[in-house]
$ cat start-v5.cif   # mmCIF, C-alpha atoms
data_model
loop_
_atom_site.label_atom_id
_atom_site.label_comp_id
_atom_site.auth_asym_id
_atom_site.auth_seq_id
_atom_site.Cartn_x
_atom_site.Cartn_y
_atom_site.Cartn_z
CA MET A 1 151.86 108.12 -74.03
CA SER A 2 148.14 108.86 -74.34
CA ILE A 3 145.57 106.53 -75.84
CA ALA A 4 143.71 108.05 -78.80
CA VAL A 5 140.86 107.03 -81.09
CA VAL A 6 142.47 106.73 -84.53
CA VAL A 7 141.01 105.88 -87.93
CA HIS A 8 143.51 104.24 -90.29
CA ALA A 9 141.24 103.52 -93.25
CA ALA A 10 137.59 102.84 -94.01
CA GLY A 11 136.43 100.21 -91.52
CA ASP A 12 139.68 100.39 -89.52
CA LEU A 13 139.19 102.20 -86.19
CA ARG A 14 141.76 101.60 -83.47
CA LEU A 15 142.82 102.68 -80.00
CA ASP A 16 146.45 103.72 -80.49
CA PRO A 17 149.11 105.07 -78.16
CA VAL A 18 150.18 108.56 -79.24
CA PRO A 19 153.20 110.52 -78.01
CA GLU A 20 152.66 113.17 -75.37
CA GLN A 21 153.00 116.66 -76.81
CA GLU A 22 154.42 119.59 -74.93
CA PRO A 23 152.55 122.89 -75.23
CA GLY A 24 154.09 125.82 -77.04
CA PRO A 25 154.11 129.24 -75.39
CA HIS A 26 150.58 130.03 -76.66
CA ASP A 27 149.10 126.55 -76.17
CA ALA A 28 147.15 124.74 -73.50
CA VAL A 29 147.08 121.09 -72.52
CA VAL A 30 143.48 119.95 -72.08
CA ALA A 31 142.67 116.82 -70.12
CA VAL A 32 139.70 115.70 -72.21
CA ALA A 33 136.75 114.47 -70.18
CA TYR A 34 134.07 113.97 -72.85
CA GLY A 35 133.89 113.90 -76.63
CA GLY A 36 130.86 113.66 -78.90
CA ILE A 37 130.89 111.45 -81.99
CA CYS A 38 130.00 113.54 -85.04
CA GLY A 39 128.69 112.51 -88.45
CA SER A 40 132.04 113.45 -89.98
CA ASP A 41 133.82 111.09 -87.56
CA LEU A 42 131.45 108.33 -88.63
CA SER A 43 132.05 109.13 -92.29
CA TYR A 44 135.82 108.76 -91.95
CA VAL A 45 135.32 105.36 -90.34
CA ARG A 46 132.70 104.19 -92.84
CA HIS A 47 134.09 105.60 -96.07
CA GLY A 48 137.62 106.84 -95.42
CA ALA A 49 136.44 110.33 -96.29
CA SER A 50 134.13 113.09 -95.10
CA GLY A 51 132.76 115.07 -98.00
CA LEU A 52 135.77 116.20 -100.04
CA SER A 53 138.24 115.41 -97.23
CA VAL A 54 139.91 112.10 -98.02
CA LEU A 55 141.85 110.09 -95.45
CA ARG A 56 145.46 109.54 -96.55
CA ASP A 57 147.17 108.91 -93.20
CA PRO A 58 146.06 107.76 -89.74
CA LEU A 59 143.88 110.43 -88.12
CA VAL A 60 143.00 111.03 -84.48
CA LEU A 61 139.28 111.79 -84.62
CA GLY A 62 137.24 114.17 -82.52
CA HIS A 63 136.35 117.85 -82.51
CA GLU A 64 133.44 117.98 -80.02
CA VAL A 65 135.30 117.95 -76.71
CA ALA A 66 135.40 119.45 -73.24
CA GLY A 67 137.60 118.92 -70.21
CA HIS A 68 139.89 120.90 -67.92
CA ILE A 69 143.20 122.69 -68.39
CA GLU A 70 146.13 120.57 -67.27
CA ALA A 71 148.94 122.95 -68.24
CA LEU A 72 149.45 126.31 -69.94
CA GLY A 73 152.16 127.73 -72.15
CA GLU A 74 154.20 130.53 -70.66
CA ALA A 75 152.58 133.27 -72.79
CA VAL A 76 148.95 132.29 -72.09
CA THR A 77 146.84 134.68 -70.03
CA GLY A 78 143.17 134.67 -69.09
CA PHE A 79 142.97 130.98 -68.19
CA ASP A 80 143.96 128.95 -65.14
CA VAL A 81 145.16 125.41 -64.65
CA GLY A 82 142.19 123.31 -63.54
CA GLN A 83 139.64 125.51 -65.32
CA ARG A 84 136.91 123.69 -67.26
CA VAL A 85 136.84 124.46 -70.97
CA ALA A 86 135.22 123.52 -74.25
CA VAL A 87 137.32 123.68 -77.42
CA HIS A 88 136.56 125.66 -80.58
CA PRO A 89 137.97 123.26 -83.20
CA ALA A 90 138.99 125.84 -85.83
CA ALA A 91 142.36 127.54 -86.17
CA VAL A 92 142.03 130.34 -88.75
CA CYS A 93 144.54 132.66 -90.38
CA GLY A 94 142.85 135.95 -89.43
CA ARG A 95 144.18 137.56 -92.61
CA CYS A 96 142.24 136.25 -95.60
CA ARG A 97 139.23 138.02 -97.12
CA HIS A 98 136.74 135.83 -95.24
CA CYS A 99 138.38 136.37 -91.88
CA ALA A 100 138.46 140.12 -92.57
CA GLU A 101 134.74 140.06 -93.41
CA GLY A 102 133.84 138.36 -90.14
CA ARG A 103 133.29 134.93 -91.69
CA PRO A 104 136.28 132.95 -90.39
CA ASN A 105 134.34 129.70 -90.79
CA LEU A 106 135.14 130.15 -94.51
CA CYS A 107 138.85 130.83 -93.92
CA GLU A 108 140.92 129.72 -96.89
CA SER A 109 143.57 128.07 -94.70
CA VAL A 110 141.49 126.87 -91.75
CA ARG A 111 142.71 123.86 -89.79
CA TYR A 112 139.95 121.94 -88.02
CA LEU A 113 140.52 119.34 -85.33
CA GLY A 114 140.11 115.79 -86.60
CA SER A 115 140.06 116.76 -90.28
CA ALA A 116 141.73 115.23 -93.34
CA ALA A 117 141.03 118.33 -95.46
CA SER A 118 144.74 119.15 -95.60
CA ARG A 119 147.93 117.14 -95.44
CA PRO A 120 149.39 116.60 -92.99
CA HIS A 121 145.99 116.00 -91.46
CA THR A 122 144.88 118.05 -88.46
CA GLN A 123 144.82 115.56 -85.62
CA GLY A 124 141.73 115.58 -83.44
CA ALA A 125 141.11 115.53 -79.71
CA PHE A 126 139.73 112.05 -78.96
CA SER A 127 142.60 111.50 -76.58
CA ALA A 128 143.06 111.71 -72.84
CA ARG A 129 145.34 114.70 -73.38
CA ALA A 130 145.12 117.24 -76.21
CA VAL A 131 147.33 120.25 -76.96
CA VAL A 132 145.43 123.14 -78.54
CA PRO A 133 146.07 126.87 -79.04
CA ALA A 134 144.73 128.71 -75.99
CA ASP A 135 142.70 131.09 -78.15
CA GLN A 136 140.52 128.10 -79.09
CA LEU A 137 139.46 127.54 -75.48
CA ARG A 138 136.06 128.64 -74.23
CA ALA A 139 135.38 128.73 -70.49
CA VAL A 140 132.55 126.50 -69.30
CA PRO A 141 130.09 128.57 -67.23
CA GLU A 142 129.06 127.61 -63.72
CA GLY A 143 126.02 125.35 -63.74
CA VAL A 144 127.00 123.68 -67.02
CA SER A 145 128.49 120.21 -66.64
CA THR A 146 131.59 119.25 -68.58
CA ARG A 147 129.50 116.47 -70.17
CA GLN A 148 127.02 119.03 -71.48
CA ALA A 149 129.82 121.35 -72.62
CA ALA A 150 131.03 118.65 -75.02
CA VAL A 151 127.86 119.36 -77.03
CA ALA A 152 128.56 123.10 -77.34
CA GLU A 153 130.29 122.58 -80.70
CA PRO A 154 127.34 120.89 -82.52
CA LEU A 155 124.94 123.26 -80.78
CA GLY A 156 127.03 126.09 -82.26
CA VAL A 157 126.56 124.51 -85.71
CA ALA A 158 122.79 124.48 -85.12
CA ILE A 159 122.69 128.08 -83.92
CA HIS A 160 124.68 129.21 -86.96
CA ALA A 161 122.26 127.36 -89.26
CA VAL A 162 119.29 129.12 -87.66
CA ASN A 163 121.12 132.46 -87.94
CA ARG A 164 121.63 131.81 -91.66
CA ALA A 165 117.84 131.63 -92.02
CA GLY A 166 117.46 135.21 -90.82
CA ASP A 167 114.87 136.33 -88.28
CA VAL A 168 112.66 133.34 -87.45
CA ARG A 169 110.63 135.06 -84.73
CA GLY A 170 106.94 134.27 -85.10
CA ARG A 171 107.54 132.00 -88.09
CA THR A 172 106.93 128.32 -88.79
CA VAL A 173 110.20 126.39 -89.09
CA LEU A 174 110.43 122.87 -90.53
CA VAL A 175 113.52 120.83 -89.63
CA ASN A 176 113.95 117.94 -92.05
CA GLY A 177 116.10 115.27 -90.43
CA ALA A 178 116.04 114.78 -86.65
CA GLY A 179 119.50 113.36 -86.07
CA PRO A 180 121.73 115.12 -83.52
CA ILE A 181 122.16 118.31 -85.57
CA GLY A 182 118.49 118.41 -86.53
CA ALA A 183 117.40 117.99 -82.91
CA LEU A 184 119.75 120.79 -81.86
CA VAL A 185 118.36 122.97 -84.68
CA VAL A 186 114.90 122.40 -83.18
CA ALA A 187 116.15 123.72 -79.84
CA ALA A 188 117.99 126.64 -81.46
CA ALA A 189 114.93 127.63 -83.51
CA ARG A 190 112.77 127.60 -80.39
CA ARG A 191 115.36 129.70 -78.57
CA ALA A 192 115.41 132.16 -81.52
CA GLY A 193 111.65 132.73 -81.19
CA ALA A 194 110.10 130.51 -83.86
CA ALA A 195 106.37 130.28 -83.29
CA HIS A 196 105.97 126.70 -84.49
CA VAL A 197 108.76 124.15 -85.03
CA ILE A 198 108.10 120.94 -86.94
CA ALA A 199 110.57 118.03 -87.08
CA ALA A 200 110.37 115.42 -89.84
CA ASP A 201 112.24 112.13 -90.01
CA LEU A 202 111.94 108.46 -90.92
CA ALA A 203 112.88 107.15 -87.46
CA PRO A 204 110.41 107.27 -84.54
CA ALA A 205 113.26 107.33 -81.99
CA SER A 206 114.75 110.43 -83.62
CA LEU A 207 111.36 112.12 -83.68
CA ASP A 208 110.95 111.38 -79.98
CA VAL A 209 114.27 113.11 -79.26
CA ALA A 210 113.21 116.10 -81.40
CA ARG A 211 109.91 116.31 -79.53
CA ARG A 212 111.73 116.31 -76.19
CA MET A 213 114.11 118.97 -77.54
CA GLY A 214 111.17 121.28 -78.17
CA ALA A 215 109.48 120.41 -81.47
CA HIS A 216 105.82 121.47 -81.39
CA GLU A 217 104.96 118.86 -84.02
CA THR A 218 106.64 115.84 -85.60
CA VAL A 219 106.05 114.13 -88.93
CA ASP A 220 106.93 110.47 -89.52
CA LEU A 221 108.03 110.23 -93.15
CA SER A 222 108.43 106.46 -93.16
CA GLY A 223 104.88 105.94 -94.40
CA GLY A 224 105.24 108.36 -97.31
CA ALA A 225 103.73 111.42 -95.62
CA PRO A 226 104.59 114.69 -97.44
CA LEU A 227 106.55 117.45 -95.78
CA PRO A 228 104.28 120.16 -94.37
CA GLU A 229 104.56 123.73 -95.60
CA ALA A 230 106.70 126.16 -93.60
CA ASP A 231 108.12 129.69 -93.80
CA VAL A 232 111.65 128.39 -93.20
CA VAL A 233 113.00 124.91 -93.86
CA ILE A 234 116.30 123.73 -92.42
CA GLU A 235 117.41 120.59 -94.23
CA ALA A 236 119.45 118.53 -91.77
CA SER A 237 119.31 115.04 -93.26
CA GLY A 238 121.89 115.43 -96.02
CA ALA A 239 119.84 113.04 -98.18
CA PRO A 240 120.07 114.15 -101.85
CA ALA A 241 116.39 113.32 -102.45
CA ALA A 242 115.44 115.69 -99.64
CA VAL A 243 116.61 118.80 -101.49
CA SER A 244 113.78 118.71 -104.05
CA ALA A 245 111.29 117.90 -101.28
CA VAL A 246 112.23 120.85 -99.07
CA LEU A 247 112.17 123.26 -102.02
CA ARG A 248 108.57 122.18 -102.59
CA ALA A 249 107.70 122.45 -98.88
CA VAL A 250 108.88 125.99 -98.25
CA ARG A 251 106.32 128.73 -98.76
CA ARG A 252 106.58 131.30 -101.55
CA GLY A 253 109.37 133.72 -100.79
CA GLY A 254 110.64 131.45 -98.03
CA THR A 255 114.12 130.30 -97.09
CA VAL A 256 115.77 126.88 -97.16
CA VAL A 257 119.02 126.37 -95.24
CA GLN A 258 121.11 123.30 -96.08
CA VAL A 259 122.98 122.14 -92.97
CA GLY A 260 122.97 118.40 -93.71
CA ASN A 261 126.19 117.46 -95.50
CA LEU A 262 125.50 116.41 -99.08
CA ALA A 263 127.70 113.78 -100.67
CA ALA A 264 130.45 114.92 -103.02
CA GLY A 265 129.55 114.77 -106.69
CA ASP A 266 126.48 115.59 -108.74
CA ILE A 267 122.95 115.04 -107.47
CA SER A 268 119.63 115.32 -109.27
CA VAL A 269 117.45 118.15 -107.95
CA SER A 270 114.20 119.66 -109.21
CA LEU A 271 114.85 123.41 -109.11
CA GLY A 272 111.65 124.74 -110.64
CA ALA A 273 110.27 125.82 -107.27
CA LEU A 274 113.45 127.78 -106.56
CA VAL A 275 112.63 130.17 -109.40
CA PHE A 276 108.85 130.23 -109.61
CA ARG A 277 108.36 130.57 -105.86
CA GLU A 278 111.37 132.90 -105.37
CA VAL A 279 112.95 130.68 -102.72
CA ASP A 280 116.26 131.51 -101.04
CA TYR A 281 118.42 128.38 -100.83
CA ARG A 282 121.41 128.90 -98.53
CA GLY A 283 124.31 126.82 -97.37
CA THR A 284 125.65 126.89 -93.84
CA PHE A 285 129.13 125.73 -92.80
CA ARG A 286 130.22 125.02 -89.25
CA PHE A 287 130.01 128.30 -87.25
CA VAL A 288 131.83 131.53 -86.45
CA ASP A 289 131.87 131.74 -82.65
CA GLU A 290 128.39 130.44 -81.93
CA ILE A 291 130.03 127.87 -79.65
CA SER A 292 130.20 130.73 -77.13
CA THR A 293 126.49 131.39 -77.64
CA ALA A 294 125.86 127.68 -77.16
CA LEU A 295 127.60 127.72 -73.78
CA GLN A 296 125.50 130.77 -72.85
CA TYR A 297 122.30 128.93 -73.81
CA LEU A 298 123.34 125.95 -71.71
CA ALA A 299 124.03 128.24 -68.76
CA GLU A 300 120.58 129.73 -69.20
CA GLY A 301 119.01 126.30 -68.88
CA LEU A 302 118.70 124.90 -72.42
CA ASP A 303 118.09 121.20 -71.80
CA ILE A 304 120.10 118.94 -74.09
CA GLU A 305 119.82 115.80 -71.98
CA PRO A 306 117.24 114.17 -74.32
CA LEU A 307 119.92 114.26 -77.02
CA LEU A 308 122.54 112.39 -74.96
CA THR A 309 121.30 108.85 -75.50
CA HIS A 310 124.51 106.84 -75.04
CA GLU A 311 127.83 107.13 -73.24
CA PHE A 312 130.86 104.83 -73.53
CA ALA A 313 134.31 104.69 -72.01
CA ALA A 314 136.93 105.65 -74.58
CA GLU A 315 138.26 102.09 -74.43
CA ASP A 316 134.95 101.00 -75.97
CA ALA A 317 135.20 103.43 -78.89
CA VAL A 318 134.67 100.77 -81.56
CA GLU A 319 131.34 99.78 -80.01
CA ALA A 320 130.44 103.44 -79.48
CA PHE A 321 130.94 104.14 -83.18
CA ARG A 322 128.85 101.09 -84.08
CA VAL A 323 125.98 102.34 -81.94
CA ALA A 324 126.30 105.93 -83.21
CA GLY A 325 126.16 104.73 -86.81
CA ASP A 326 123.18 102.40 -86.42
CA ARG A 327 119.84 104.21 -86.31
CA GLY A 328 118.26 100.96 -85.19
CA THR A 329 119.89 101.43 -81.78
CA GLY A 330 117.83 104.57 -81.16
CA SER A 331 121.02 106.58 -80.69
CA SER A 332 121.27 110.32 -81.07
CA LYS A 333 124.39 111.95 -79.64
CA VAL A 334 126.88 109.32 -78.44
CA LEU A 335 129.55 110.48 -76.00
CA LEU A 336 132.99 109.05 -75.29
CA ARG A 337 134.23 109.38 -71.71
CA PHE A 338 138.01 109.80 -71.28
#
$ encode --input "start-v5.cif" --output "structure tokens"
Amino acid sequence: MSIAVVVHAAGDLRLDPVPEQEPGPHDAVVAVAYGGICGSDLSYVRHGASGLSVLRDPLVLGHEVAGHIEALGEAVTGFDVGQRVAVHPAAVCGRCRHCAEGRPNLCESVRYLGSAASRPHTQGAFSARAVVPADQLRAVPEGVSTRQAAVAEPLGVAIHAVNRAGDVRGRTVLVNGAGPIGALVVAAARRAGAAHVIAADLAPASLDVARRMGAHETVDLSGGAPLPEADVVIEASGAPAAVSAVLRAVRRGGTVVQVGNLAAGDISVSLGALVFREVDYRGTFRFVDEISTALQYLAEGLDIEPLLTHEFAAEDAVEAFRVAGDRGTGSSKVLLRF
């Protein structure tokens, strides 16, 4: 039996024994070393849902993981037992229109680790031992620690969000919301050649992380300061009130990318600026294979250590989730160690 981090209902997070699974011919067994707590994990624990995905059965959480290969199915090639890997959390069909168009992140039958979007739920990887299809493994380059590789998944989300904005070289980019994804967007925008990156948030600790991740300028919104104008705005807070604000902040003809998850249901938004200033407002969802780009960036020296504010043993998962969900703790990315 392995011990896993399992959410049973809103407010009910447990450490449960789970049966050991044997790999199929195309699978790998990954001995998980580190896992990052994501906003969706927190949402399942707080609300019993993440966006439109509603918890109906116990769910092993976790989709930001890295470790080493413990065993391989008989048909797997290209990997070795003992090799360090990060895990791409998505299993896609490869046949639908979106997969055919090179947008498998929009696959109509995608299964994502640690997700209640379908039933039976897709169990996650917050466990000492996880069985995953080998084609979801990504080799960790030399010079990148396994701890850092656990952040390749959210860094992939950030890189995809910046890609959705188009060419940001030489442009001013405003990142609204400096939580873990926002801070990684700051780093990805810098890496993509943005001339000036501004991070805005209500929490001084989050702004400090964003500054250390490469923001040229930070704006503390807690005192009512307005958002500064920018060519591109990437909205990473997910706060409904922020949508109207970022549409006003982007320059005429500019682009707004919504990466922060908005709550299900209707929200009130002032859309006048969208029309009269000819603003492009774009969604961004997970990533295609930017997790591989993320590992490349880490190998090239992208420093994500300022983001990694807390680390807990998996046995202390309940406390880890409390810290990750409380902005008063100064937490950014919280890691579980297995």
$ resolve_selection --input "start-v5.cif" --expression "the PyMOL selection byres ((chain A and resi 201-214) around 10)" --output "MDAnalysis selection string"
chainID A and resid 175:180 182:191 196:200 215:225 227 236:237 302:309 327:332
$ resolve_selection --input "start-v5.cif" --expression "the PyMOL selection byres ((chain A and resi 144) around 10)" --output "ChimeraX atom specification"
/A:84,140-143,145-149,295-302
$ axis_aligned_box --input "start-v5.cif" --around "region 143-148 of chain A" --padding-each-side "6 Å" --output "JSON"
{"center_x": 128.8, "center_y": 120.9, "center_z": -67.6, "size_x": 17.6, "size_y": 20.9, "size_z": 19.7}
$ atom_distance --input "start-v5.cif" --atom1 "CA of Ala49 (chain A)" --atom2 "CA of Gly94 (chain A)"
27.3 Å
$ resolve_selection --input "start-v5.cif" --expression "the PyMOL selection byres ((chain A and resi 118-121) around 12)" --output "list in words"
Val7, Leu52, Ser53, Val54, Leu55, Arg56, Asp57, Pro58, Leu59, Val60, Leu61, Glu108, Ser109, Val110, Arg111, Tyr112, Leu113, Gly114, Ser115, Ala116, Ala117, Thr122, Gln123 and Gly124 of chain A
$ closest_residue --input "start-v5.cif" --among "A:Leu335, A:Val288, A:Val18, A:Ile37" --to "Cys99 (chain A)" --atoms "all atoms listed in the file"
A:Val288
$ residues_around --input "start-v5.cif" --residues "Val30 (chain A)" --least-positions-apart "2" --cutoff "7 Å" --atoms "all atoms listed in the file" --output "list of chain:residue names"
A:Ala28, A:Val32, A:Gly67, A:His68, A:Ile69, A:Glu70, A:Arg129, A:Ala130, A:Val131
$ residues_around --input "start-v5.cif" --residues "Arg138 (chain A)" --least-positions-apart "5" --cutoff "10 Å" --atoms "only C-alpha atoms" --output "ChimeraX atom specification"
/A:66,79,84-88,149,152,289,291-292,295
$ write_last_selection --input "start-v5.cif" --atoms "C-alpha atoms" --output "PDB file, in the coordinates of the input"
ATOM      1  CA  ALA A  66     135.400 119.450 -73.240  1.00  0.00           C
ATOM      2  CA  PHE A  79     142.970 130.980 -68.190  1.00  0.00           C
ATOM      3  CA  ARG A  84     136.910 123.690 -67.260  1.00  0.00           C
ATOM      4  CA  VAL A  85     136.840 124.460 -70.970  1.00  0.00           C
ATOM      5  CA  ALA A  86     135.220 123.520 -74.250  1.00  0.00           C
ATOM      6  CA  VAL A  87     137.320 123.680 -77.420  1.00  0.00           C
ATOM      7  CA  HIS A  88     136.560 125.660 -80.580  1.00  0.00           C
ATOM      8  CA  ALA A 149     129.820 121.350 -72.620  1.00  0.00           C
ATOM      9  CA  ALA A 152     128.560 123.100 -77.340  1.00  0.00           C
ATOM     10  CA  ASP A 289     131.870 131.740 -82.650  1.00  0.00           C
ATOM     11  CA  ILE A 291     130.030 127.870 -79.650  1.00  0.00           C
ATOM     12  CA  SER A 292     130.200 130.730 -77.130  1.00  0.00           C
ATOM     13  CA  LEU A 295     127.600 127.720 -73.780  1.00  0.00           C
TER      14      LEU A 295
END
$ residues_around --input "start-v5.cif" --residues "Val259 (chain A)" --least-positions-apart "2" --cutoff "7 Å" --atoms "only C-alpha atoms" --output "short mmCIF file (atom, residue, chain, number, x, y, z; two decimals) with C-alpha atoms, in the frame of the given file"
data_model
loop_
_atom_site.label_atom_id
_atom_site.label_comp_id
_atom_site.auth_asym_id
_atom_site.auth_seq_id
_atom_site.Cartn_x
_atom_site.Cartn_y
_atom_site.Cartn_z
CA ALA A 161 122.26 127.36 -89.26
CA ILE A 234 116.30 123.73 -92.42
CA GLU A 235 117.41 120.59 -94.23
CA ALA A 236 119.45 118.53 -91.77
CA VAL A 257 119.02 126.37 -95.24
CA ASN A 261 126.19 117.46 -95.50
CA GLY A 283 124.31 126.82 -97.37
CA THR A 284 125.65 126.89 -93.84
#
$ residues_around --input "start-v5.cif" --residues "Ala317 (chain A)" --least-positions-apart "3" --cutoff "9 Å" --atoms "all atoms listed in the file" --output "list of chain:residue names"
A:Val5, A:Leu13, A:Arg14, A:Leu15, A:Phe312, A:Ala313, A:Ala314, A:Ala320, A:Phe321, A:Arg322, A:Leu336
$ atom_distance --input "start-v5.cif" --atom1 "CA of Thr255 (chain A)" --atom2 "CA of Arg103 (chain A)"
20.4 Å
$ closest_residue --input "start-v5.cif" --among "A:Gly82, A:Gly325, A:Pro104, A:Gly39" --to "Gly260 (chain A)" --atoms "only C-alpha atoms"
A:Gly39
$ atom_distance --input "start-v5.cif" --atom1 "CA of Phe126 (chain A)" --atom2 "CA of Ala150 (chain A)"
11.6 Å
$ closest_residue --input "start-v5.cif" --among "A:Val269, A:Val250, A:Leu42, A:Ala71" --to "Ala134 (chain A)" --atoms "only C-alpha atoms"
A:Ala71
$ residues_around --input "start-v5.cif" --residues "Asp135 (chain A)" --least-positions-apart "3" --cutoff "9 Å" --atoms "only C-alpha atoms" --output "PyMOL selection string"
chain A and resi 26-27+76+88+91+132+138
$ closest_residue --input "start-v5.cif" --among "A:Leu247, A:Val334, A:Val173, A:Ile181" --to "Glu311 (chain A)" --atoms "only C-alpha atoms"
A:Val334
